[in-house]
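Chemist: upload-v3.cif (mmCIF, C-alpha atoms) pasted underneath:
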```
data_protein
loop_
_atom_site.group_PDB
_atom_site.id
_atom_site.type_symbol
_atom_site.label_atom_id
_atom_site.label_comp_id
_atom_site.auth_asym_id
_atom_site.auth_seq_id
_atom_site.Cartn_x
_atom_site.Cartn_y
_atom_site.Cartn_z
ATOM 1 C CA MET A 1 37.632 -3.017 4.324
ATOM 2 C CA THR A 2 35.699 -0.079 2.894
ATOM 3 C CA PRO A 3 31.922 -0.436 3.387
ATOM 4 C CA ARG A 4 29.702 -0.402 0.328
ATOM 5 C CA GLY A 5 27.452 2.659 0.006
ATOM 6 C CA PRO A 6 26.683 5.323 2.617
ATOM 7 C CA ASN A 7 27.068 4.692 6.321
ATOM 8 C CA ARG A 8 23.485 4.475 7.524
ATOM 9 C CA ASP A 9 21.944 4.402 10.941
ATOM 10 C CA THR A 10 20.315 1.080 11.761
ATOM 11 C CA GLY A 11 17.265 2.501 13.486
ATOM 12 C CA THR A 12 13.598 2.820 12.676
ATOM 13 C CA VAL A 13 14.039 5.474 9.979
ATOM 14 C CA ASP A 14 15.882 3.058 7.672
ATOM 15 C CA ALA A 15 13.308 0.357 8.372
ATOM 16 C CA LEU A 16 10.498 2.700 7.449
ATOM 17 C CA ALA A 17 12.301 3.890 4.345
ATOM 18 C CA GLY A 18 12.599 0.331 3.124
ATOM 19 C CA LEU A 19 8.985 -0.436 3.903
ATOM 20 C CA LEU A 20 7.335 2.727 2.640
ATOM 21 C CA GLU A 21 9.196 3.363 -0.603
ATOM 22 C CA GLY A 22 6.440 1.607 -2.529
ATOM 23 C CA PRO A 23 3.335 3.853 -2.633
ATOM 24 C CA ARG A 24 3.130 5.411 -6.118
ATOM 25 C CA ALA A 25 -0.461 6.244 -6.970
ATOM 26 C CA ARG A 26 -1.298 6.807 -10.647
ATOM 27 C CA GLY A 27 -4.735 8.200 -11.383
ATOM 28 C CA ALA A 28 -6.001 7.103 -7.981
ATOM 29 C CA PHE A 29 -9.720 7.178 -7.236
ATOM 30 C CA MET A 30 -10.134 10.046 -4.772
ATOM 31 C CA ILE A 31 -13.379 11.646 -3.613
ATOM 32 C CA ARG A 32 -14.990 13.650 -0.854
ATOM 33 C CA ALA A 33 -18.016 11.644 0.347
ATOM 34 C CA CYS A 34 -20.795 13.584 2.100
ATOM 35 C CA PHE A 35 -23.810 11.984 3.772
ATOM 36 C CA ASP A 36 -26.738 12.582 6.080
ATOM 37 C CA PRO A 37 -27.859 9.666 8.269
ATOM 38 C CA PRO A 38 -29.005 7.066 7.685
ATOM 39 C CA TRP A 39 -26.427 6.166 5.060
ATOM 40 C CA ALA A 40 -24.408 3.112 4.064
ATOM 41 C CA VAL A 41 -22.202 2.171 1.110
ATOM 42 C CA ARG A 42 -20.954 -1.315 0.324
ATOM 43 C CA VAL A 43 -17.449 -1.416 -1.171
ATOM 44 C CA GLU A 44 -16.704 -4.283 -3.571
ATOM 45 C CA ASP A 45 -14.039 -2.622 -5.694
ATOM 46 C CA ARG A 46 -11.302 -5.195 -4.889
ATOM 47 C CA ALA A 47 -8.799 -2.339 -4.592
ATOM 48 C CA PRO A 48 -5.474 -3.280 -2.991
ATOM 49 C CA LEU A 49 -5.542 -0.341 -0.567
ATOM 50 C CA THR A 50 -8.096 2.301 0.415
ATOM 51 C CA VAL A 51 -7.612 5.180 2.843
ATOM 52 C CA MET A 52 -10.595 6.742 4.617
ATOM 53 C CA LEU A 53 -10.104 9.971 6.553
ATOM 54 C CA MET A 54 -13.057 11.085 8.704
ATOM 55 C CA VAL A 55 -13.261 14.863 8.368
ATOM 56 C CA ARG A 56 -16.628 15.466 10.042
ATOM 57 C CA GLY A 57 -19.123 13.310 11.881
ATOM 58 C CA GLY A 58 -18.613 9.593 12.374
ATOM 59 C CA ALA A 59 -18.832 6.265 10.581
ATOM 60 C CA TRP A 60 -18.554 2.521 11.034
ATOM 61 C CA ILE A 61 -16.537 0.217 8.796
ATOM 62 C CA VAL A 62 -18.032 -3.268 8.836
ATOM 63 C CA PRO A 63 -16.083 -5.995 6.998
ATOM 64 C CA ASP A 64 -17.790 -9.216 5.947
ATOM 65 C CA THR A 65 -15.416 -11.032 8.303
ATOM 66 C CA GLY A 66 -13.538 -9.594 11.255
ATOM 67 C CA GLU A 67 -14.250 -6.847 13.742
ATOM 68 C CA ARG A 68 -16.072 -3.653 12.816
ATOM 69 C CA LEU A 69 -14.345 -0.332 13.292
ATOM 70 C CA ARG A 70 -15.638 2.995 14.609
ATOM 71 C CA LEU A 71 -14.350 6.229 13.061
ATOM 72 C CA ARG A 72 -14.713 9.666 14.618
ATOM 73 C CA ALA A 73 -13.711 13.071 13.266
ATOM 74 C CA GLY A 74 -9.966 13.126 12.629
ATOM 75 C CA ASP A 75 -9.595 9.342 12.625
ATOM 76 C CA LEU A 76 -8.166 7.451 9.687
ATOM 77 C CA ALA A 77 -8.700 3.891 8.465
ATOM 78 C CA ILE A 78 -6.831 1.843 5.875
ATOM 79 C CA ALA A 79 -8.516 -1.156 4.269
ATOM 80 C CA ARG A 80 -6.346 -3.731 2.508
ATOM 81 C CA GLY A 81 -8.224 -5.446 -0.320
ATOM 82 C CA PRO A 82 -9.669 -7.318 -1.941
ATOM 83 C CA ASP A 83 -12.262 -8.257 0.704
ATOM 84 C CA PRO A 84 -15.525 -6.227 0.690
ATOM 85 C CA TYR A 85 -16.815 -4.081 3.541
ATOM 86 C CA VAL A 86 -19.595 -1.618 4.374
ATOM 87 C CA CYS A 87 -19.047 1.990 5.424
ATOM 88 C CA ALA A 88 -22.097 3.391 7.233
ATOM 89 C CA ASP A 89 -23.431 5.738 9.871
ATOM 90 C CA ASP A 90 -24.514 2.688 11.890
ATOM 91 C CA PRO A 91 -23.660 -1.029 11.563
ATOM 92 C CA GLY A 92 -27.357 -1.811 11.107
ATOM 93 C CA THR A 93 -27.997 0.564 8.198
ATOM 94 C CA ALA A 94 -28.664 -1.222 4.914
ATOM 95 C CA PRO A 95 -26.405 -0.166 1.988
ATOM 96 C CA GLN A 96 -27.890 2.361 -0.436
ATOM 97 C CA ALA A 97 -25.094 2.043 -3.003
ATOM 98 C CA VAL A 98 -22.348 -0.362 -4.051
ATOM 99 C CA ILE A 99 -18.860 0.677 -5.187
ATOM 100 C CA LEU A 100 -17.555 -1.672 -7.895
ATOM 101 C CA PRO A 101 -14.108 -2.071 -9.518
ATOM 102 C CA GLY A 102 -12.864 1.028 -11.309
ATOM 103 C CA GLY A 103 -15.051 3.360 -9.231
ATOM 104 C CA ALA A 104 -18.308 2.296 -10.886
ATOM 105 C CA CYS A 105 -21.394 2.668 -8.677
ATOM 106 C CA SER A 106 -24.709 0.867 -8.570
ATOM 107 C CA TYR A 107 -27.778 0.410 -6.431
ATOM 108 C CA PRO A 108 -27.767 -2.762 -4.288
ATOM 109 C CA ASP A 109 -30.065 -4.438 -6.858
ATOM 110 C CA GLY A 110 -27.471 -3.917 -9.600
ATOM 111 C CA ARG A 111 -29.009 -0.924 -11.375
ATOM 112 C CA PRO A 112 -26.379 1.721 -12.243
ATOM 113 C CA LEU A 113 -26.523 4.932 -10.238
ATOM 114 C CA ASN A 114 -25.841 6.963 -13.399
ATOM 115 C CA GLY A 115 -24.404 9.899 -11.498
ATOM 116 C CA SER A 116 -27.439 10.412 -9.273
ATOM 117 C CA MET A 117 -25.190 10.929 -6.221
ATOM 118 C CA ASP A 118 -22.647 13.196 -7.913
ATOM 119 C CA LEU A 119 -22.343 16.536 -6.100
ATOM 120 C CA GLY A 120 -19.607 18.253 -8.088
ATOM 121 C CA VAL A 121 -15.896 17.796 -8.708
ATOM 122 C CA ARG A 122 -14.821 14.619 -6.843
ATOM 123 C CA THR A 123 -17.720 15.040 -4.450
ATOM 124 C CA TRP A 124 -20.314 12.325 -3.959
ATOM 125 C CA GLY A 125 -23.200 11.482 -1.647
ATOM 126 C CA ASP A 126 -26.361 13.117 -0.316
ATOM 127 C CA ARG A 127 -25.415 16.791 -0.079
ATOM 128 C CA ALA A 128 -22.128 18.681 -0.145
ATOM 129 C CA ASP A 129 -22.597 19.945 3.427
ATOM 130 C CA GLY A 130 -23.642 16.604 4.882
ATOM 131 C CA GLU A 131 -23.326 15.701 8.547
ATOM 132 C CA ALA A 132 -20.667 13.118 7.729
ATOM 133 C CA VAL A 133 -17.724 13.931 5.444
ATOM 134 C CA LEU A 134 -14.988 11.453 4.484
ATOM 135 C CA LEU A 135 -11.998 11.812 2.232
ATOM 136 C CA ILE A 136 -11.471 8.521 0.405
ATOM 137 C CA GLY A 137 -8.386 7.629 -1.623
ATOM 138 C CA THR A 138 -8.034 4.314 -3.414
ATOM 139 C CA TYR A 139 -5.058 2.700 -5.108
ATOM 140 C CA LEU A 140 -6.558 0.927 -8.085
ATOM 141 C CA VAL A 141 -3.656 -1.361 -9.053
ATOM 142 C CA ARG A 142 -1.676 -3.629 -6.752
ATOM 143 C CA GLY A 143 1.593 -2.640 -8.440
ATOM 144 C CA GLU A 144 1.150 0.882 -7.052
ATOM 145 C CA ILE A 145 1.689 -0.497 -3.535
ATOM 146 C CA GLY A 146 4.689 -2.679 -2.785
ATOM 147 C CA GLY A 147 3.739 -6.283 -2.121
ATOM 148 C CA ARG A 148 5.864 -6.375 1.023
ATOM 149 C CA LEU A 149 3.991 -3.366 2.368
ATOM 150 C CA LEU A 150 0.600 -4.947 1.685
ATOM 151 C CA ASP A 151 1.711 -8.197 3.292
ATOM 152 C CA ALA A 152 2.768 -6.272 6.401
ATOM 153 C CA LEU A 153 -0.691 -4.775 6.969
ATOM 154 C CA PRO A 154 -3.796 -6.228 8.598
ATOM 155 C CA PRO A 155 -7.021 -6.244 6.530
ATOM 156 C CA LEU A 156 -8.258 -3.173 8.399
ATOM 157 C CA LEU A 157 -6.340 -0.725 10.576
ATOM 158 C CA SER A 158 -7.118 2.629 12.139
ATOM 159 C CA LEU A 159 -5.419 5.586 13.762
ATOM 160 C CA THR A 160 -7.331 7.897 16.069
ATOM 161 C CA SER A 161 -6.829 11.640 15.962
ATOM 162 C CA GLN A 162 -5.080 11.331 19.349
ATOM 163 C CA ALA A 163 -2.595 8.781 17.988
ATOM 164 C CA TRP A 164 -1.144 10.879 15.178
ATOM 165 C CA ASP A 165 -0.795 14.470 14.074
ATOM 166 C CA ASN A 166 -2.087 14.753 10.509
ATOM 167 C CA PRO A 167 -1.292 18.110 8.862
ATOM 168 C CA LEU A 168 -2.596 16.998 5.464
ATOM 169 C CA THR A 169 -6.358 17.164 6.060
ATOM 170 C CA PRO A 170 -6.851 20.886 5.241
ATOM 171 C CA LEU A 171 -4.693 20.587 2.115
ATOM 172 C CA LEU A 172 -6.537 17.483 0.954
ATOM 173 C CA MET A 173 -9.916 19.128 1.533
ATOM 174 C CA THR A 174 -8.812 22.065 -0.605
ATOM 175 C CA GLU A 175 -7.216 20.063 -3.401
ATOM 176 C CA VAL A 176 -9.736 17.236 -3.804
ATOM 177 C CA THR A 177 -12.411 19.493 -5.297
ATOM 178 C CA ARG A 178 -10.132 21.583 -7.502
ATOM 179 C CA ASP A 179 -10.412 21.077 -11.252
ATOM 180 C CA GLU A 180 -7.157 22.302 -12.747
ATOM 181 C CA PRO A 181 -4.556 20.925 -15.158
ATOM 182 C CA GLY A 182 -2.411 18.291 -13.512
ATOM 183 C CA GLN A 183 -4.736 17.952 -10.535
ATOM 184 C CA GLU A 184 -4.743 14.144 -10.637
ATOM 185 C CA VAL A 185 -0.968 14.126 -10.198
ATOM 186 C CA VAL A 186 -1.252 16.479 -7.220
ATOM 187 C CA LEU A 187 -3.838 14.231 -5.599
ATOM 188 C CA ASP A 188 -1.799 11.100 -6.312
ATOM 189 C CA ARG A 189 1.205 12.547 -4.497
ATOM 190 C CA LEU A 190 -0.921 13.778 -1.598
ATOM 191 C CA LEU A 191 -2.410 10.308 -1.245
ATOM 192 C CA ASP A 192 1.083 8.804 -1.165
ATOM 193 C CA LEU A 193 2.090 11.272 1.553
ATOM 194 C CA LEU A 194 -1.042 10.502 3.566
ATOM 195 C CA VAL A 195 -0.388 6.759 3.403
ATOM 196 C CA ILE A 196 3.268 7.141 4.375
ATOM 197 C CA ALA A 197 2.452 9.467 7.285
ATOM 198 C CA ALA A 198 -0.265 7.144 8.543
ATOM 199 C CA LEU A 199 1.804 3.976 8.285
ATOM 200 C CA ARG A 200 4.789 5.637 9.890
ATOM 201 C CA ALA A 201 2.560 6.337 12.891
ATOM 202 C CA TRP A 202 1.049 2.831 12.728
ATOM 203 C CA PHE A 203 4.382 1.003 12.802
ATOM 204 C CA ALA A 204 5.710 3.304 15.534
ATOM 205 C CA ARG A 205 3.089 2.026 17.989
ATOM 206 C CA PRO A 206 4.484 -0.099 20.857
ATOM 207 C CA SER A 207 2.013 -2.848 19.951
ATOM 208 C CA ALA A 208 2.776 -2.806 16.208
ATOM 209 C CA GLU A 209 3.058 -6.282 14.680
ATOM 210 C CA ALA A 210 5.638 -5.613 12.000
ATOM 211 C CA PRO A 211 6.893 -8.446 9.764
ATOM 212 C CA ALA A 212 10.077 -10.270 10.737
ATOM 213 C CA TRP A 213 12.204 -8.687 8.009
ATOM 214 C CA TYR A 214 11.083 -5.227 9.110
ATOM 215 C CA ARG A 215 12.095 -5.875 12.726
ATOM 216 C CA ALA A 216 15.370 -7.400 11.547
ATOM 217 C CA LEU A 217 16.372 -4.107 9.930
ATOM 218 C CA GLY A 218 17.150 -2.856 13.429
ATOM 219 C CA ASP A 219 19.750 -5.605 14.018
ATOM 220 C CA PRO A 220 23.312 -4.299 13.496
ATOM 221 C CA VAL A 221 24.378 -7.348 11.469
ATOM 222 C CA VAL A 222 21.237 -8.527 9.680
ATOM 223 C CA GLY A 223 20.046 -4.957 9.147
ATOM 224 C CA ARG A 224 23.281 -4.188 7.335
ATOM 225 C CA ALA A 225 22.874 -7.254 5.121
ATOM 226 C CA LEU A 226 19.238 -6.432 4.369
ATOM 227 C CA ARG A 227 20.075 -2.893 3.322
ATOM 228 C CA LEU A 228 22.864 -4.131 1.065
ATOM 229 C CA LEU A 229 20.418 -6.468 -0.669
ATOM 230 C CA GLN A 230 17.714 -3.800 -0.923
ATOM 231 C CA ASP A 231 20.033 -1.045 -2.153
ATOM 232 C CA ASP A 232 21.882 -3.117 -4.779
ATOM 233 C CA PRO A 233 19.787 -6.146 -5.788
ATOM 234 C CA ALA A 234 21.606 -6.490 -9.122
ATOM 235 C CA HIS A 235 24.945 -7.167 -7.420
ATOM 236 C CA PRO A 236 26.001 -10.858 -7.635
ATOM 237 C CA TRP A 237 25.584 -11.410 -3.911
ATOM 238 C CA THR A 238 26.582 -14.597 -2.128
ATOM 239 C CA VAL A 239 26.289 -15.414 1.550
ATOM 240 C CA ALA A 240 30.077 -15.134 1.766
ATOM 241 C CA SER A 241 30.189 -11.636 0.241
ATOM 242 C CA LEU A 242 27.302 -10.452 2.423
ATOM 243 C CA ALA A 243 29.018 -11.838 5.501
ATOM 244 C CA ALA A 244 32.247 -10.046 4.601
ATOM 245 C CA GLU A 245 30.412 -6.748 4.166
ATOM 246 C CA SER A 246 28.553 -7.315 7.461
ATOM 247 C CA GLY A 247 31.685 -8.153 9.443
ATOM 248 C CA VAL A 248 30.755 -11.683 10.503
ATOM 249 C CA SER A 249 31.413 -15.225 9.351
ATOM 250 C CA ARG A 250 29.366 -16.854 6.626
ATOM 251 C CA ALA A 251 27.839 -19.357 9.060
ATOM 252 C CA ALA A 252 27.047 -16.666 11.616
ATOM 253 C CA LEU A 253 25.267 -14.480 9.064
ATOM 254 C CA ALA A 254 23.283 -17.372 7.583
ATOM 255 C CA ARG A 255 22.122 -18.498 11.025
ATOM 256 C CA ARG A 256 21.320 -15.019 12.363
ATOM 257 C CA PHE A 257 19.613 -13.891 9.153
ATOM 258 C CA THR A 258 17.393 -16.974 9.015
ATOM 259 C CA ASP A 259 16.510 -16.704 12.717
ATOM 260 C CA LEU A 260 15.456 -13.031 12.448
ATOM 261 C CA VAL A 261 13.989 -12.828 8.948
ATOM 262 C CA GLY A 262 12.504 -16.304 8.710
ATOM 263 C CA GLU A 263 14.275 -17.267 5.484
ATOM 264 C CA PRO A 264 17.916 -17.508 4.364
ATOM 265 C CA PRO A 265 19.685 -14.539 2.744
ATOM 266 C CA MET A 266 19.515 -15.859 -0.813
ATOM 267 C CA GLY A 267 15.840 -16.734 -0.441
ATOM 268 C CA TYR A 268 15.124 -13.182 0.706
ATOM 269 C CA LEU A 269 17.159 -11.783 -2.196
ATOM 270 C CA THR A 270 15.180 -13.817 -4.711
ATOM 271 C CA GLY A 271 11.886 -12.554 -3.313
ATOM 272 C CA TRP A 272 13.157 -8.964 -3.295
ATOM 273 C CA ARG A 273 14.393 -9.149 -6.886
ATOM 274 C CA LEU A 274 11.107 -10.591 -8.098
ATOM 275 C CA ALA A 275 9.077 -7.988 -6.166
ATOM 276 C CA LEU A 276 11.095 -5.226 -7.823
ATOM 277 C CA ALA A 277 10.638 -6.868 -11.210
ATOM 278 C CA ALA A 278 6.869 -7.065 -10.639
ATOM 279 C CA ASP A 279 6.698 -3.367 -9.807
ATOM 280 C CA ARG A 280 8.731 -2.418 -12.873
ATOM 281 C CA LEU A 281 6.622 -4.576 -15.134
ATOM 282 C CA ARG A 282 3.608 -2.502 -14.115
ATOM 283 C CA ASP A 283 5.322 0.862 -13.673
ATOM 284 C CA SER A 284 7.561 1.034 -16.748
ATOM 285 C CA GLU A 285 7.772 0.088 -20.400
ATOM 286 C CA ASP A 286 11.254 -1.427 -20.006
ATOM 287 C CA THR A 287 11.880 -4.673 -21.833
ATOM 288 C CA LEU A 288 12.051 -7.877 -19.846
ATOM 289 C CA GLY A 289 15.767 -8.060 -20.584
ATOM 290 C CA ALA A 290 16.345 -4.561 -19.199
ATOM 291 C CA ILE A 291 14.333 -5.366 -16.068
ATOM 292 C CA ALA A 292 16.282 -8.609 -15.641
ATOM 293 C CA ARG A 293 19.556 -6.676 -15.626
ATOM 294 C CA GLN A 294 18.164 -4.085 -13.211
ATOM 295 C CA VAL A 295 17.180 -6.667 -10.607
ATOM 296 C CA GLY A 296 20.087 -9.075 -10.922
ATOM 297 C CA TYR A 297 19.127 -11.751 -13.457
ATOM 298 C CA GLY A 298 21.463 -12.656 -16.288
ATOM 299 C CA SER A 299 18.780 -12.878 -18.961
ATOM 300 C CA ALA A 300 15.104 -12.371 -19.689
ATOM 301 C CA PHE A 301 14.700 -16.146 -19.767
ATOM 302 C CA ALA A 302 16.189 -16.555 -16.276
ATOM 303 C CA LEU A 303 13.903 -13.852 -14.871
ATOM 304 C CA SER A 304 10.859 -15.260 -16.658
ATOM 305 C CA THR A 305 11.491 -18.736 -15.272
ATOM 306 C CA ALA A 306 11.927 -17.504 -11.695
ATOM 307 C CA PHE A 307 8.975 -15.128 -11.972
ATOM 308 C CA LYS A 308 6.582 -17.806 -13.207
ATOM 309 C CA ARG A 309 7.732 -20.176 -10.475
ATOM 310 C CA ALA A 310 6.988 -17.570 -7.790
ATOM 311 C CA TYR A 311 3.892 -15.820 -9.203
ATOM 312 C CA GLY A 312 2.282 -18.606 -11.199
ATOM 313 C CA ILE A 313 2.074 -16.494 -14.369
ATOM 314 C CA SER A 314 4.583 -15.180 -16.880
ATOM 315 C CA PRO A 315 5.958 -11.629 -16.665
ATOM 316 C CA GLN A 316 3.969 -10.702 -19.780
ATOM 317 C CA GLU A 317 0.732 -11.983 -18.232
ATOM 318 C CA TYR A 318 1.500 -9.975 -15.094
ATOM 319 C CA ARG A 319 2.259 -6.816 -17.087
ATOM 320 C CA VAL A 320 -0.947 -7.040 -19.166
ATOM 321 C CA PRO A 321 -3.570 -8.745 -16.973
ATOM 322 C CA ALA A 322 -6.378 -10.585 -18.706
ATOM 323 C CA PRO A 323 -9.594 -8.526 -18.809
ATOM 324 C CA ALA A 324 -12.150 -9.328 -16.147
ATOM 325 C CA PRO A 325 -15.073 -11.475 -17.343
ATOM 326 C CA ALA A 326 -18.137 -9.514 -18.378
#
```
Is it possible to give me this structure as structure tokens?

Modeler:
Amino acid sequence: MTPRGPNRDTGTVDALAGLLEGPRARGAFMIRACFDPPWAVRVEDRAPLTVMLMVRGGAWIVPDTGERLRLRAGDLAIARGPDPYVCADDPGTAPQAVILPGGACSYPDGRPLNGSMDLGVRTWGDRADGEAVLLIGTYLVRGEIGGRLLDALPPLLSLTSQAWDNPLTPLLMTEVTRDEPGQEVVLDRLLDLLVIAALRAWFARPSAEAPAWYRALGDPVVGRALRLLQDDPAHPWTVASLAAESGVSRAALARRFTDLVGEPPMGYLTGWRLALAADRLRDSEDTLGAIARQVGYGSAFALSTAFKRAYGISPQEYRVPAPAPA
């Protein structure tokens, strides 16, 4: 039997490719934050993912729940929203500013900052040559980060400068303050690269707690089946056809897949199709019927029914979220 698609290695590279294909920033909030101690900023922006790269000095990240995190020069932290946290020179320093959804800023008492901490192009804080300098990149919309990637991450993670080799810091420092045509697109792609490089290092750690489906990609049988589902979700897959492509019996595949992934093959396929549909609802202007065909549903009605069952809202409500209350 001729295998479907290219003959791929079943190692970590394929697993990472499947996990990290999601980051696609669009108009991300990216700044260079510069402070002199004492300083503290409370973050309540409800962003799905924020990356903080410590360029100079040090900082603490203190979530409302969970363990606080120390950052030193060269270290990187990733915060998975929407829970708030404080970034400060010391855990005991009271916040001087609050970051709200959409990058709006206020004093802790609610008064708007009105640009009083602006220091130039994408630069914010006390003074441009402050003792502490952080590069901060924020994905503003959940659809810009794959749901399976977000679900695989802890609320707060960090990589020390000893744990990974980051060649992007000098380039980011140069580009973040440039004000040229197309600069937002440049920064969006640099943020994507930074996230992918960081998470590649994070999941490569011996102690990494990757999700079951991610670990299963390394299995010669289940990994093959997973890649078939991921690469061609619109194909009319059955357990029998997957088993034939994977070189095992139907019963053997169903049992092994469920044991390693934690759900049966068709359950995984449904979740994958709906995750792809959710991303395309936010990332494209394709009609619901076109998206249904792309992800393996026979009609817009069939996709809409499955989507609402899984997400609790219709595809249209997901594509155009209701405005936040004033």

Chemist: Between atom CA of Thr65 of chain A and atom CA of Leu159 of chain A, what distance in Å does the model show, to one decimal?

Modeler: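 Separation of atom CA of Thr65 of chain A and atom CA of Leu159 of chain A: 20.1 Å.
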
Chemist: Mind pulling up the distance from atom CA of Asp64 of chain A to atom CA of Pro37 of chain A?

Modeler: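 About the pair atom CA of Pro37 of chain A and atom CA of Asp64 of chain A: they are 21.5 Å apart.
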
Chemist: Which residues are near Asp232 of chain A? Cut-off 12 Å, only C-alpha atoms, ignore same chain within fewer than 6 positions. Put them as a list in words.

Modeler: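 The neighbour list is Arg4, Gly5, Ala225, Leu226, Leu242, Leu269, Trp272, Arg273, Leu276, Arg293, Gln294, Val295 and Gly296 of chain A.
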
Chemist: So how far away is atom CA of Leu150 of chain A from atom CA of Ala73 of chain A, in Å?

Modeler: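 Separating atom CA of Ala73 of chain A from atom CA of Leu150 of chain A is a distance of 25.8 Å.
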
Chemist: For this file, the PyMOL selection byres ((chain A and resi 108) around 9) selects which residues, as a list in words?

Modeler: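 This file, filtered by the PyMOL selection byres ((chain A and resi 108) around 9), leaves Arg42, Pro95, Gln96, Ala97, Val98, Ser106, Tyr107, Asp109, Gly110 and Arg111 of chain A.
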
Chemist: At a cut-off of 12 Å, using all atoms listed in the file, what residues contact Gly267 of chain A? Leave out same-chain residues fewer than 2 positions from it and give the result as JSON, numbers by chain.

Modeler: {"A": [226, 229, 237, 238, 239, 254, 257, 258, 261, 262, 263, 264, 265, 269, 270, 271, 272, 273, 274, 306, 310]}

Chemist: So, with only C-alpha atoms as the atoms that count, which of A:Leu113, A:Cys34, A:Val55, A:Ala152 lies closest to Leu168 of chain A?

Modeler: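 For Leu168 of chain A, the nearest of the given residues is A:Val55.
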